[in-house]
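This report refers to the structure that appears directly beneath it.
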Amino acid sequence: MLKKQHKILIILFILTIISCLLFLFWGITRNNYGYNIPRRINKIIAFIITGSAIGYSTIVFQTVTHNRILTPSIIGLDSIYMFVQTLIVFFLGTGSLVMVSGSINFLVSLVFMLGFSVIVFYIVFNGKKDKLFVTMLAGVVFGSLFGSFSTFMQVVIDPNDFLIVQDKMFASFNNVNVSILKITMLILFLSLVYGYKNCDKLDIMALGRDISLNLGIAYDSVIRKFMILICIMTAVSTALVGPITFLGILTANISRQILKTYKHSIMITGAILLSIISIAFGQFIVERILTFRTTINVIINFIGGIYFIYLLIKEGRL
Amino acid sequence: MIELLNINKKYDDKDVLKNINLSLPKGKIISLIGANGAGKSTLLSIISRLTTSEGEIIIDDKNIDNYHITELSKKISILRQSNYLNIKLTVRELISFGRYPHSKSRLNEKDNKIIDESISYMNLDYLKNKYIDELSGGEKQRALIAMILAQDSDYIFLDEPLNNLDMKHSVSIMKLLRKIVKEKSKTVILVVHDINFASCYSDYIVALKNTGVLYAGDAEKIITKEKLKNIFDMDFEIEDIDGNKICIYYT
C-alpha cells in the first residue's frame, strides 16, 4: 500500500523535474544562453516557492476546517493584498518608492496581510472551540469589504495608474521580484520544516476535536499555529507572484484523489509537487507556445478543470 | 480515584451542572444515568477535559490542570458520540492512533502487539484492512472502542458506547468492559441509557437529575423502585433474574 504511494510520489517528482527542465531549456541557443538561463532559474525558484506554499497551505486548511472545497483564499488575504496595492497607488502614486522597489512593496504587503490575519485570529477566533467558521466568515466579509474599497479607488484613479494596479491583480511569473527571492525562500523553508514536523498531528486532527484532545493534542492551540503558518505561506506566495490560491483547490484534491492516504506528509508532498508541475507547465505553455497571448490562470484553470470534471465523473463523488 | 470539587457549568445563562461534588472509585465500572438533558454527557466531557468548567478535577491526587497533555492522555481516554470518520483510513490505522500518546507516530513492537490485541478483543480481525468510511455505524463504534483500548489509559470514559450497536454487540462490549476492569484494573465510566445494562454490569452508579447529582453509590443500592422513580419520574418494576436486577418499565 505504502509502496504504491511512494511510487506515485516518485513519478510526480520526475514529472516536476521534467517540467522544470522543459521550461529551463526550451528554445535556448548558444547566443541567448547567458541572458535567458539566470532569468529562467529565478522563475523556477518562484515556481517552487509558490507551489510549496499553495500545496501545503491548501491541504492543511482543508484538514483543519474538515472541508475539501475550501482554500486559504477564503481568509481574504488576496483582497488585502489588492487593497494595499491600490492604496499605495492611490495615495503615493505609481512613481513612489513603495511601488517601484520590490522589496519595500513586499514588506509592506506582508506586514498588512499578516497584521490582518493576526487581528482576525486574535479578536474573532481567540482559540475558542467552534469559532473557526465564524473566523472564516469574518474573513469573507472583510475580504469583500476591502475588495469594494479597492474597486472604489481603482475607479477613481488615473487610467494609467490603474494599468499598474491591474498588473498586480493577476498572478504573474513574468516579472518575478528577484530582490525578495532569498527572503521568501528562507521564510518558506522555515515554515515547511515546522509544518512537516507537525504533520502527524494533522493525521489525527482530521478525526476531529474530541479524538485529538483524547490523544493528547491541544487541538485549539495547534489549529491556531497551523492557521498562522497558512497565513504566512499564503502571504508570501501572494506577495511574490500575486493572487494564485485558486490553484490549490485543484492540486490538493487531485493529490488526495490519486494518493488515497490519510498521511498528511504524503498528501502534502503530492500537492506541492502537483502545484509546481502545474505552474511550470502552465508557464511553459504561456511563454513558449502561446507566446504570452494568455495568462497562466487560464491555462491552469482550463487543464485543471478538465481533469477535475474527469475525476468527478469517474469517481461519482469527491 | 477521581474527585470533583464544586463543578459548575453554564451554557450562556443556563445552568447545566451546578455545584457537583463527587468522587469516583477506582477499578470499577461506573454508570452515569439520568434523563435527557440531566447533564451526563457534559459531566463526562468535563472530567475528561474536553469541556472547560469552574471547579477542580483531581485525578489520582493530582489536579487535572497540572498534568501535561500527553501524560493526561495516558491516564484518561474518552470516546464521544459524534466523530468525523470520512477519511481514507483503514480500521487498523485508526486503532493505531490510540498509541499516539505513547509513541507518537513511531510505532514499536510493543505498540503493534497492543494494537493487534485490541483488534482481536473487539473481534475486528475480519475488518482490519477495510476503510472506515465503508463501515456500518456499529462497526465504526467498535473500531473506535478498539482505538480507546489501544490507548491503554487507566480511566476510560465512554459516552453512550452502546449507540448503534445491536443486542449481541452491546452485551459483548459490556462483558469486555467487565473483563478489562477485572484483568487490567482499569476504571470505566460510561453514560448508558438502558437501565438494565447499568444494573447488570456496573459496580457503581451516579444518577443525575436537574443539573445535580441525585444519588451516587453501589449499583445494588441505587437500583430500587423508589430511587429509580425519583431519577426518571416514572414507575419501575424490578425483578430478580439469576441474581441480576432487571428493571421493567415498558408498560
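If you're wondering about the labels, chains in the C-alpha cells are A, B, ... by order shown, residues count from 1 in each chain, ligands from 1 in order shown.
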
What residues in chain A lie within 8 Å of chain B, counting only C-alpha atoms, written as a ChimeraX atom specification? /A:200,204,206-208,210-211,213-218,260-262

Any idea what's packed within 7 Å of Ile75 of chain A, counting only C-alpha atoms, ignoring anything in its chain fewer than 3 positions away? Could you give it as JSON, numbers by chain? {"A": [72, 136, 139, 140]}

In terms of the shortest atom-to-atom distance over only C-alpha atoms, which of B:Met1, B:Ile29, B:Leu149, B:Leu22 is closest to Asp60 of chain B? B:Met1

8 Å contact set for segment 106-123 of chain A, only C-alpha atoms, chain neighbours under 3 positions out, as an mmCIF file with N, CA and C atoms, in the first residue's frame:
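Dumped everything to around_36.cif:
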```cif
data_model
loop_
_atom_site.group_PDB
_atom_site.id
_atom_site.type_symbol
_atom_site.label_atom_id
_atom_site.label_comp_id
_atom_site.auth_asym_id
_atom_site.auth_seq_id
_atom_site.Cartn_x
_atom_site.Cartn_y
_atom_site.Cartn_z
ATOM 1 N N ILE A 75 -9.831 33.342 3.530
ATOM 2 C CA ILE A 75 -9.490 34.245 4.636
ATOM 3 C C ILE A 75 -9.453 35.691 4.148
ATOM 4 N N LEU A 77 -6.953 37.093 2.176
ATOM 5 C CA LEU A 77 -5.625 37.705 2.049
ATOM 6 C C LEU A 77 -5.410 38.311 0.665
ATOM 7 N N ILE A 80 -6.805 41.728 0.683
ATOM 8 C CA ILE A 80 -5.951 42.646 1.444
ATOM 9 C C ILE A 80 -4.773 43.078 0.575
ATOM 10 N N TYR A 81 -4.208 42.106 -0.132
ATOM 11 C CA TYR A 81 -3.066 42.406 -0.996
ATOM 12 C C TYR A 81 -3.445 43.443 -2.049
ATOM 13 N N VAL A 84 -3.937 46.844 -0.475
ATOM 14 C CA VAL A 84 -2.684 47.534 -0.176
ATOM 15 C C VAL A 84 -2.096 48.130 -1.450
ATOM 16 N N GLN A 85 -2.090 47.345 -2.525
ATOM 17 C CA GLN A 85 -1.513 47.837 -3.784
ATOM 18 C C GLN A 85 -2.278 49.072 -4.278
ATOM 19 N N VAL A 98 7.594 52.851 -2.748
ATOM 20 C CA VAL A 98 6.952 51.599 -2.347
ATOM 21 C C VAL A 98 6.523 50.799 -3.571
ATOM 22 N N GLY A 102 10.758 46.621 -5.264
ATOM 23 C CA GLY A 102 10.086 45.346 -4.996
ATOM 24 C C GLY A 102 10.135 44.944 -3.547
ATOM 25 N N SER A 103 11.292 45.144 -2.924
ATOM 26 C CA SER A 103 11.412 44.606 -1.566
ATOM 27 C C SER A 103 10.586 45.415 -0.571
ATOM 28 N N ASN A 126 -9.566 33.601 18.622
ATOM 29 C CA ASN A 126 -9.166 33.530 20.016
ATOM 30 C C ASN A 126 -9.017 32.094 20.517
ATOM 31 N N GLY A 127 -8.754 31.163 19.613
ATOM 32 C CA GLY A 127 -8.522 29.778 20.015
ATOM 33 C C GLY A 127 -9.714 29.080 20.608
ATOM 34 N N THR A 135 -14.620 32.700 12.185
ATOM 35 C CA THR A 135 -13.408 33.376 11.714
ATOM 36 C C THR A 135 -13.380 33.451 10.197
ATOM 37 N N ALA A 138 -15.807 35.927 8.986
ATOM 38 C CA ALA A 138 -15.237 37.269 9.137
ATOM 39 C C ALA A 138 -14.261 37.544 7.999
ATOM 40 N N GLY A 139 -13.459 36.530 7.640
ATOM 41 C CA GLY A 139 -12.518 36.676 6.531
ATOM 42 C C GLY A 139 -13.234 37.019 5.246
ATOM 43 N N ILE A 180 13.447 39.774 -3.680
ATOM 44 C CA ILE A 180 12.865 39.160 -2.479
ATOM 45 C C ILE A 180 12.892 37.638 -2.526
ATOM 46 N N ARG A 224 -4.518 27.072 15.868
ATOM 47 C CA ARG A 224 -4.106 28.457 15.720
ATOM 48 C C ARG A 224 -2.717 28.542 15.104
ATOM 49 N N ILE A 228 -1.780 30.287 11.477
ATOM 50 C CA ILE A 228 -0.767 31.330 11.302
ATOM 51 C C ILE A 228 0.229 30.917 10.230
ATOM 52 N N CYS A 231 -1.306 31.409 6.909
ATOM 53 C CA CYS A 231 -1.331 32.825 6.530
ATOM 54 C C CYS A 231 0.044 33.287 6.076
ATOM 55 N N ILE A 232 1.075 32.854 6.779
ATOM 56 C CA ILE A 232 2.423 33.255 6.373
ATOM 57 C C ILE A 232 2.696 32.768 4.953
ATOM 58 N N ALA A 235 0.555 34.562 2.381
ATOM 59 C CA ALA A 235 1.005 35.942 2.230
ATOM 60 C C ALA A 235 2.286 35.999 1.411
ATOM 61 N N VAL A 236 3.214 35.096 1.710
ATOM 62 C CA VAL A 236 4.485 35.101 0.985
ATOM 63 C C VAL A 236 4.266 34.835 -0.500
ATOM 64 N N ALA A 239 2.497 37.818 -2.149
ATOM 65 C CA ALA A 239 3.367 38.975 -2.322
ATOM 66 C C ALA A 239 4.395 38.728 -3.426
ATOM 67 N N LEU A 240 4.746 37.469 -3.626
ATOM 68 C CA LEU A 240 5.763 37.160 -4.633
ATOM 69 C C LEU A 240 5.197 37.220 -6.045
#
```

Spatial neighbours of Ser237 of chain A, 10 Å, only C-alpha atoms, chain gap at least 5 places, as JSON, numbers by chain: {"A": [46, 47, 49, 50, 51, 52, 53, 54, 110, 171, 184, 188, 231, 232, 242, 243, 244, 245]}

Kindly save the residues from that selection, with C-alpha atoms included, as a short mmCIF file (atom, residue, chain, number, x, y, z; two decimals), in the first residue's frame.
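Just written: out_37.cif:
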```
data_model
loop_
_atom_site.label_atom_id
_atom_site.label_comp_id
_atom_site.auth_asym_id
_atom_site.auth_seq_id
_atom_site.Cartn_x
_atom_site.Cartn_y
_atom_site.Cartn_z
CA ALA A 46 9.48 31.23 -7.77
CA PHE A 47 7.52 28.21 -9.08
CA ILE A 49 8.20 28.67 -3.58
CA THR A 50 4.67 29.31 -4.77
CA GLY A 51 3.92 25.65 -5.42
CA SER A 52 5.09 24.62 -1.97
CA ALA A 53 3.16 27.40 -0.25
CA ILE A 54 -0.03 26.57 -2.13
CA LEU A 110 3.45 41.15 4.03
CA ALA A 171 -0.84 36.05 -10.73
CA THR A 184 10.85 34.32 0.70
CA LEU A 188 9.08 29.30 3.30
CA CYS A 231 -1.33 32.83 6.53
CA ILE A 232 2.42 33.25 6.37
CA GLY A 242 0.09 37.79 -6.89
CA PRO A 243 -3.18 36.02 -6.08
CA ILE A 244 -2.82 32.40 -7.13
CA THR A 245 -4.54 30.39 -4.42
#
```

Could you please determine the separation between atom CA of Tyr131 of chain B and atom CA of Ala271 of chain A in Å, to one decimal place?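 For atom CA of Tyr131 of chain B relative to atom CA of Ala271 of chain A, the distance reads 22.2 Å.
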
Could you pull out the helix (DSSP H, G or I) residues of segment 238-293 of chain A, going by DSSP on the backbone, and write them as an MDAnalysis selection string? chainID A and resid 238:241 246:259 264:289
